[in-house]
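Raw run_24.pdb, PDB, C-alpha atoms, pLDDT in the B column:
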```
ATOM      1  CA  MET A  14      20.352 -81.295  13.737  1.00 49.00           C
ATOM      2  CA  LYS A  15      17.260 -82.444  11.870  1.00 66.00           C
ATOM      3  CA  HIS A  16      14.512 -79.893  11.950  1.00 76.00           C
ATOM      4  CA  ASN A  17      10.955 -81.247  11.984  1.00 92.00           C
ATOM      5  CA  ILE A  18       8.282 -78.974  10.516  1.00 96.00           C
ATOM      6  CA  GLY A  19       4.558 -79.606  10.817  1.00 96.00           C
ATOM      7  CA  ILE A  20       2.054 -77.682   8.738  1.00 97.00           C
ATOM      8  CA  ILE A  21      -1.501 -77.714  10.059  1.00 97.00           C
ATOM      9  CA  TYR A  22      -4.326 -76.261   8.022  1.00 97.00           C
ATOM     10  CA  ALA A  23      -8.078 -75.823   7.778  1.00 95.00           C
ATOM     11  CA  SER A  24      -9.496 -75.481   4.296  1.00 91.00           C
ATOM     12  CA  VAL A  25     -13.099 -75.478   3.109  1.00 86.00           C
ATOM     13  CA  ASP A  26     -12.542 -75.582  -0.647  1.00 88.00           C
ATOM     14  CA  GLY A  27      -8.898 -76.674  -0.772  1.00 93.00           C
ATOM     15  CA  HIS A  28      -7.190 -73.366  -1.472  1.00 96.00           C
ATOM     16  CA  THR A  29      -5.539 -73.033   1.954  1.00 97.00           C
ATOM     17  CA  LYS A  30      -4.129 -76.520   1.380  1.00 98.00           C
ATOM     18  CA  LYS A  31      -2.671 -75.309  -1.951  1.00 98.00           C
ATOM     19  CA  ILE A  32      -0.993 -72.445  -0.125  1.00 98.00           C
ATOM     20  CA  CYS A  33       0.415 -74.933   2.403  1.00 98.00           C
ATOM     21  CA  GLU A  34       1.716 -77.068  -0.463  1.00 98.00           C
ATOM     22  CA  ALA A  35       3.383 -73.995  -1.976  1.00 98.00           C
ATOM     23  CA  LEU A  36       5.042 -73.338   1.394  1.00 98.00           C
ATOM     24  CA  GLN A  37       6.173 -76.977   1.448  1.00 97.00           C
ATOM     25  CA  GLN A  38       7.779 -76.494  -1.974  1.00 97.00           C
ATOM     26  CA  THR A  39       9.600 -73.385  -0.780  1.00 98.00           C
ATOM     27  CA  LEU A  40      10.858 -75.205   2.303  1.00 97.00           C
ATOM     28  CA  SER A  41      11.839 -78.248   0.237  1.00 96.00           C
ATOM     29  CA  LYS A  42      13.931 -76.098  -2.116  1.00 96.00           C
ATOM     30  CA  GLU A  43      15.768 -74.964   1.009  1.00 96.00           C
ATOM     31  CA  ASN A  44      16.372 -78.629   1.971  1.00 95.00           C
ATOM     32  CA  LEU A  45      13.784 -78.529   4.746  1.00 95.00           C
ATOM     33  CA  SER A  46      11.142 -81.220   4.852  1.00 92.00           C
ATOM     34  CA  SER A  47       7.692 -80.790   6.320  1.00 95.00           C
ATOM     35  CA  GLU A  48       4.568 -82.801   6.991  1.00 95.00           C
ATOM     36  CA  LEU A  49       1.099 -81.556   6.089  1.00 95.00           C
ATOM     37  CA  HIS A  50      -1.855 -82.203   8.438  1.00 95.00           C
ATOM     38  CA  HIS A  51      -5.511 -81.247   8.070  1.00 96.00           C
ATOM     39  CA  ILE A  52      -6.831 -79.933  11.391  1.00 96.00           C
ATOM     40  CA  ASP A  53      -9.613 -82.541  11.388  1.00 93.00           C
ATOM     41  CA  HIS A  54      -7.139 -85.436  11.141  1.00 91.00           C
ATOM     42  CA  LEU A  55      -4.363 -84.615  13.595  1.00 88.00           C
ATOM     43  CA  ASP A  56      -2.567 -87.651  14.928  1.00 83.00           C
ATOM     44  CA  PHE A  57       0.685 -86.337  16.341  1.00 82.00           C
ATOM     45  CA  ASN A  58       2.167 -84.671  19.383  1.00 84.00           C
ATOM     46  CA  ILE A  59       3.412 -81.103  18.966  1.00 88.00           C
ATOM     47  CA  SER A  60       6.647 -82.099  20.689  1.00 87.00           C
ATOM     48  CA  GLU A  61       7.518 -84.087  17.535  1.00 90.00           C
ATOM     49  CA  TYR A  62       8.130 -80.767  15.755  1.00 93.00           C
ATOM     50  CA  ASN A  63      10.585 -77.896  16.119  1.00 93.00           C
ATOM     51  CA  THR A  64       8.377 -75.668  13.958  1.00 96.00           C
ATOM     52  CA  ILE A  65       4.623 -75.546  13.478  1.00 97.00           C
ATOM     53  CA  ILE A  66       2.989 -73.560  10.665  1.00 98.00           C
ATOM     54  CA  ILE A  67      -0.768 -73.004  10.919  1.00 98.00           C
ATOM     55  CA  GLY A  68      -2.895 -72.038   7.932  1.00 98.00           C
ATOM     56  CA  ALA A  69      -6.408 -70.863   8.751  1.00 96.00           C
ATOM     57  CA  SER A  70      -9.108 -70.197   6.194  1.00 95.00           C
ATOM     58  CA  VAL A  71     -12.058 -67.889   6.722  1.00 94.00           C
ATOM     59  CA  ARG A  72     -15.637 -68.728   5.822  1.00 87.00           C
ATOM     60  CA  TYR A  73     -18.517 -66.355   6.538  1.00 81.00           C
ATOM     61  CA  GLY A  74     -16.252 -64.096   8.543  1.00 85.00           C
ATOM     62  CA  LYS A  75     -14.854 -66.733  10.882  1.00 91.00           C
ATOM     63  CA  HIS A  76     -11.738 -68.845  11.108  1.00 95.00           C
ATOM     64  CA  ASN A  77     -12.198 -72.578  11.502  1.00 93.00           C
ATOM     65  CA  LYS A  78     -13.189 -73.331  15.106  1.00 95.00           C
ATOM     66  CA  ASN A  79     -10.922 -76.391  15.222  1.00 95.00           C
ATOM     67  CA  ILE A  80      -7.905 -74.224  14.404  1.00 96.00           C
ATOM     68  CA  ILE A  81      -8.839 -71.786  17.162  1.00 96.00           C
ATOM     69  CA  ASN A  82      -9.367 -74.648  19.645  1.00 95.00           C
ATOM     70  CA  PHE A  83      -6.041 -76.219  18.642  1.00 96.00           C
ATOM     71  CA  ILE A  84      -4.240 -72.927  19.238  1.00 96.00           C
ATOM     72  CA  GLN A  85      -5.980 -72.313  22.581  1.00 95.00           C
ATOM     73  CA  ASN A  86      -5.371 -75.862  23.804  1.00 94.00           C
ATOM     74  CA  ASN A  87      -1.713 -75.877  22.752  1.00 95.00           C
ATOM     75  CA  ALA A  88      -0.636 -72.251  23.285  1.00 94.00           C
ATOM     76  CA  LYS A  89       1.979 -73.135  25.905  1.00 94.00           C
ATOM     77  CA  GLN A  90       3.631 -75.706  23.624  1.00 94.00           C
ATOM     78  CA  LEU A  91       3.377 -73.402  20.610  1.00 96.00           C
ATOM     79  CA  ASN A  92       5.097 -70.638  22.572  1.00 94.00           C
ATOM     80  CA  ALA A  93       8.016 -72.988  23.253  1.00 93.00           C
ATOM     81  CA  ILE A  94       8.825 -73.665  19.572  1.00 95.00           C
ATOM     82  CA  ASN A  95       9.142 -71.802  16.266  1.00 95.00           C
ATOM     83  CA  THR A  96       5.737 -70.985  14.858  1.00 97.00           C
ATOM     84  CA  ALA A  97       4.040 -69.332  11.926  1.00 98.00           C
ATOM     85  CA  LEU A  98       0.404 -68.445  11.331  1.00 98.00           C
ATOM     86  CA  PHE A  99      -1.388 -67.280   8.239  1.00 98.00           C
ATOM     87  CA  SER A 100      -4.975 -66.429   7.398  1.00 98.00           C
ATOM     88  CA  VAL A 101      -6.582 -66.940   3.992  1.00 97.00           C
ATOM     89  CA  ASN A 102      -9.593 -64.800   3.160  1.00 95.00           C
ATOM     90  CA  LEU A 103     -11.201 -62.976   0.268  1.00 91.00           C
ATOM     91  CA  VAL A 104     -11.176 -59.592   2.022  1.00 92.00           C
ATOM     92  CA  ALA A 105      -7.384 -59.682   1.625  1.00 94.00           C
ATOM     93  CA  ARG A 106      -7.901 -59.303  -2.135  1.00 94.00           C
ATOM     94  CA  LYS A 107      -8.070 -55.584  -1.374  1.00 93.00           C
ATOM     95  CA  LYS A 108      -4.639 -54.062  -0.831  1.00 94.00           C
ATOM     96  CA  GLU A 109      -5.883 -51.991   2.088  1.00 96.00           C
ATOM     97  CA  LYS A 110      -7.085 -55.176   3.866  1.00 94.00           C
ATOM     98  CA  SER A 111      -4.123 -57.447   3.117  1.00 96.00           C
ATOM     99  CA  SER A 112      -1.796 -56.865   6.058  1.00 96.00           C
ATOM    100  CA  LEU A 113      -1.705 -58.059   9.657  1.00 95.00           C
ATOM    101  CA  THR A 114      -2.746 -54.652  10.926  1.00 96.00           C
ATOM    102  CA  THR A 115      -5.532 -54.027   8.402  1.00 97.00           C
ATOM    103  CA  ASN A 116      -7.127 -57.421   7.814  1.00 96.00           C
ATOM    104  CA  PRO A 117     -10.215 -57.574  10.053  1.00 96.00           C
ATOM    105  CA  TYR A 118     -10.221 -61.376  10.228  1.00 95.00           C
ATOM    106  CA  MET A 119      -6.584 -61.633  11.294  1.00 96.00           C
ATOM    107  CA  ILE A 120      -7.065 -58.841  13.822  1.00 96.00           C
ATOM    108  CA  LYS A 121     -10.089 -60.633  15.273  1.00 95.00           C
ATOM    109  CA  LEU A 122      -8.243 -63.963  15.347  1.00 96.00           C
ATOM    110  CA  LEU A 123      -5.235 -62.501  17.144  1.00 95.00           C
ATOM    111  CA  GLU A 124      -7.500 -60.842  19.706  1.00 94.00           C
ATOM    112  CA  SER A 125      -9.249 -64.157  20.400  1.00 92.00           C
ATOM    113  CA  ILE A 126      -6.186 -66.325  21.062  1.00 93.00           C
ATOM    114  CA  ASN A 127      -3.560 -66.298  23.794  1.00 88.00           C
ATOM    115  CA  TRP A 128      -0.634 -66.938  21.475  1.00 93.00           C
ATOM    116  CA  LYS A 129       1.424 -64.958  19.010  1.00 93.00           C
ATOM    117  CA  ALA A 130       3.322 -66.733  16.257  1.00 97.00           C
ATOM    118  CA  ASP A 131       6.893 -65.803  15.368  1.00 97.00           C
ATOM    119  CA  PHE A 132       5.836 -65.227  11.760  1.00 98.00           C
ATOM    120  CA  MET A 133       2.396 -64.153  10.601  1.00 98.00           C
ATOM    121  CA  GLU A 134       0.849 -63.270   7.257  1.00 98.00           C
ATOM    122  CA  VAL A 135      -2.427 -62.734   5.448  1.00 98.00           C
ATOM    123  CA  PHE A 136      -3.116 -64.157   1.997  1.00 98.00           C
ATOM    124  CA  ALA A 137      -5.987 -63.498  -0.352  1.00 96.00           C
ATOM    125  CA  GLY A 138      -7.951 -66.596  -1.261  1.00 95.00           C
ATOM    126  CA  LYS A 139      -9.819 -67.899  -4.283  1.00 93.00           C
ATOM    127  CA  LEU A 140     -13.331 -67.138  -5.473  1.00 88.00           C
ATOM    128  CA  ASP A 141     -14.915 -70.058  -7.317  1.00 89.00           C
ATOM    129  CA  TYR A 142     -18.681 -69.836  -7.727  1.00 86.00           C
ATOM    130  CA  THR A 143     -18.656 -72.962  -9.911  1.00 86.00           C
ATOM    131  CA  SER A 144     -17.579 -75.137  -6.973  1.00 87.00           C
ATOM    132  CA  TYR A 145     -20.027 -73.773  -4.374  1.00 85.00           C
ATOM    133  CA  GLY A 146     -23.351 -75.331  -3.505  1.00 86.00           C
ATOM    134  CA  PHE A 147     -26.521 -73.267  -3.837  1.00 89.00           C
ATOM    135  CA  PHE A 148     -26.464 -71.760  -0.323  1.00 87.00           C
ATOM    136  CA  ASP A 149     -22.723 -70.968  -0.346  1.00 82.00           C
ATOM    137  CA  LYS A 150     -22.981 -69.428  -3.804  1.00 83.00           C
ATOM    138  CA  LEU A 151     -25.883 -67.238  -2.699  1.00 84.00           C
ATOM    139  CA  MET A 152     -24.206 -66.125   0.533  1.00 84.00           C
ATOM    140  CA  ILE A 153     -20.824 -65.442  -1.049  1.00 82.00           C
ATOM    141  CA  LYS A 154     -22.438 -63.459  -3.868  1.00 84.00           C
ATOM    142  CA  LEU A 155     -24.250 -61.392  -1.251  1.00 84.00           C
ATOM    143  CA  ILE A 156     -21.010 -60.769   0.629  1.00 81.00           C
ATOM    144  CA  MET A 157     -19.259 -59.862  -2.617  1.00 80.00           C
ATOM    145  CA  LYS A 158     -22.038 -57.442  -3.502  1.00 86.00           C
ATOM    146  CA  PHE A 159     -21.578 -55.663  -0.161  1.00 83.00           C
ATOM    147  CA  THR A 160     -17.790 -55.547  -0.570  1.00 82.00           C
ATOM    148  CA  ASN A 161     -17.791 -54.489  -4.236  1.00 82.00           C
ATOM    149  CA  GLY A 162     -16.442 -57.825  -5.435  1.00 81.00           C
ATOM    150  CA  PRO A 163     -17.435 -59.838  -8.493  1.00 82.00           C
ATOM    151  CA  THR A 164     -20.846 -61.476  -8.256  1.00 83.00           C
ATOM    152  CA  THR A 165     -20.722 -63.341 -11.560  1.00 80.00           C
ATOM    153  CA  THR A 166     -17.857 -65.274 -13.056  1.00 77.00           C
ATOM    154  CA  ASP A 167     -17.643 -68.522 -14.962  1.00 81.00           C
ATOM    155  CA  GLU A 168     -14.022 -69.088 -14.025  1.00 87.00           C
ATOM    156  CA  PRO A 169     -12.366 -69.227 -10.613  1.00 89.00           C
ATOM    157  CA  ILE A 170     -10.513 -66.076  -9.598  1.00 89.00           C
ATOM    158  CA  VAL A 171      -7.339 -66.712  -7.633  1.00 93.00           C
ATOM    159  CA  TYR A 172      -6.430 -63.587  -5.704  1.00 93.00           C
ATOM    160  CA  THR A 173      -3.454 -65.184  -3.951  1.00 97.00           C
ATOM    161  CA  ASN A 174      -0.140 -63.420  -4.419  1.00 97.00           C
ATOM    162  CA  TRP A 175       2.098 -66.463  -4.816  1.00 98.00           C
ATOM    163  CA  GLU A 176       5.259 -64.372  -4.512  1.00 98.00           C
ATOM    164  CA  LYS A 177       4.032 -63.238  -1.083  1.00 98.00           C
ATOM    165  CA  VAL A 178       3.523 -66.914  -0.157  1.00 98.00           C
ATOM    166  CA  HIS A 179       7.060 -67.729  -1.327  1.00 98.00           C
ATOM    167  CA  THR A 180       8.519 -64.778   0.601  1.00 98.00           C
ATOM    168  CA  PHE A 181       6.716 -65.921   3.757  1.00 98.00           C
ATOM    169  CA  GLY A 182       8.121 -69.426   3.294  1.00 98.00           C
ATOM    170  CA  MET A 183      11.620 -68.028   2.799  1.00 98.00           C
ATOM    171  CA  LYS A 184      11.389 -65.992   6.024  1.00 98.00           C
ATOM    172  CA  ILE A 185      10.523 -69.178   7.892  1.00 97.00           C
ATOM    173  CA  ALA A 186      13.261 -71.186   6.115  1.00 96.00           C
ATOM    174  CA  ASP A 187      15.907 -68.510   6.736  1.00 95.00           C
ATOM    175  CA  HIS A 188      15.005 -68.421  10.432  1.00 94.00           C
ATOM    176  CA  ILE A 189      15.197 -72.202  10.723  1.00 93.00           C
ATOM    177  CA  LYS A 190      18.621 -72.208   9.057  1.00 89.00           C
ATOM    178  CA  THR A 191      19.936 -69.757  11.649  1.00 89.00           C
ATOM    179  CA  LEU A 192      18.953 -72.256  14.354  1.00 83.00           C
ATOM    180  CA  SER A 193      20.906 -75.155  12.856  1.00 69.00           C
TER     181      SER A 193
END
```
Would you write the structure of this file as structure tokens?
Amino acid sequence: MKHNIGIIYASVDGHTKKICEALQQTLSKENLSSELHHIDHLDFNISEYNTIIIGASVRYGKHNKNIINFIQNNAKQLNAINTALFSVNLVARKKEKSSLTTNPYMIKLLESINWKADFMEVFAGKLDYTSYGFFDKLMIKLIMKFTNGPTTTDEPIVYTNWEKVHTFGMKIADHIKTLS
């Protein structure tokens, strides 16, 4: 049986998309193909997929509203298939804030939706002052100051644990294989 996997993501600066692409590579190495869709350009029916993976980035303490609306509007269909959800945020750079039960943004997201994915994870994001506009740079530096993060850097800092991303992808792939 062919297994159709859709990966839906919201990304402000492109890092959540990179995580989705890394998940695609993991799935591909396990002979599972997937299709990547930005939340703002969805043009499919959920019923086309056996598995949906949702990647949600955080900006200024909030997940993308279109991701939340998609989940709320499709919770019944999502509950009927295999699903995965992950959050990408800079707070997860701290070990004590990098799990489902300790990451405040994932906790808040899960409390706000009427759906629970089969697989869930939290990934640390990327800090790149060089790519931010004036306002974003100012706000993110302020947030970093309050959270004891770096406020000056000439190079992007990628906090993502890519092995954790791979492990998450393998959990999804292994589950899908048990269904075939």
Could I get the residues of range 66-115 of chain A with an atom no further than 10 Å from an atom of range 143-162 of chain A, each paired with its nearest atom pair and that distance in Å to one decimal, using all atoms listed in the file, sorted by chain and residue number, as a tab-separated table?
```
residue	atom	partner	partner_atom	distance
A:Arg72	CA	A:Ile153	CA	9.2
A:Tyr73	CA	A:Ile153	CA	8.0
A:Gly74	CA	A:Ile156	CA	9.8
A:Leu103	CA	A:Met157	CA	9.1
A:Val104	CA	A:Thr160	CA	8.2
A:Arg106	CA	A:Gly162	CA	9.3
A:Lys107	CA	A:Gly162	CA	9.6
```
| query | Mind telling me what the PyMOL selection byres ((chain A and resi 45) around 9) catches here, as a ChimeraX atom specification? | reply | /A:15-18,37,39-44,46-47,186,189
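The two atoms in question, CA of Gly19 in chain A and CA of Ile170 in chain A, are spaced 28.8 Å apart.
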| said: Give me, as a list of chain:residue names, all polymer residues having an atom no more than 7 Å from range 126-134 of chain A, counting all atoms listed in the file and skipping those fewer than 3 positions away in the same chain. | reply: A:Gln85, A:Ala88, A:Asn92, A:Asn95, A:Thr96, A:Ala97, A:Leu98, A:Phe99, A:Ser100, A:Leu113, A:Leu122, A:Leu123
| said: (-9.5, -81.6, 10.6) in this file's frame - what residues fall within 9 Å of it? Use all atoms listed in the file and give the answer as a ChimeraX atom specification. | reply: /A:21-24,50-55,79-80
| request: Enter the distance from CA of Asn77 in chain A to CA of Trp175 in chain A, in Å, rounded to one decimal. | output: 22.5 Å
| query | Skipping near chain neighbours, those fewer than 3 positions away, what residues fall within 10 Å of Ile32 in chain A using only C-alpha atoms, listed as a PyMOL selection string? | reply | chain A and resi 22+27-29+35-38+68+99+101+136+138+173+175+178-179
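One finds CA of Glu48 in chain A at 9.7 Å from CA of Ile65 in chain A.
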| message | Which residues would end up in the selection if the PyMOL selection byres ((chain A and resi 166-168) around 9) were applied here, given that I need the answer as a PyMOL selection string? | response | chain A and resi 140-143+163-165+169-170
Let me know the centre plus edge lengths, in Å and rounded to one decimal, of a box with edges along x, y and z that contains all listed atoms of range 101-108 of chain A and is padded by 3 Å on every side, as lines of an AutoDock Vina configuration file.
```
center_x = -7.9
center_y = -60.5
center_z = 0.9
size_x = 12.6
size_y = 18.9
size_z = 12.1
```
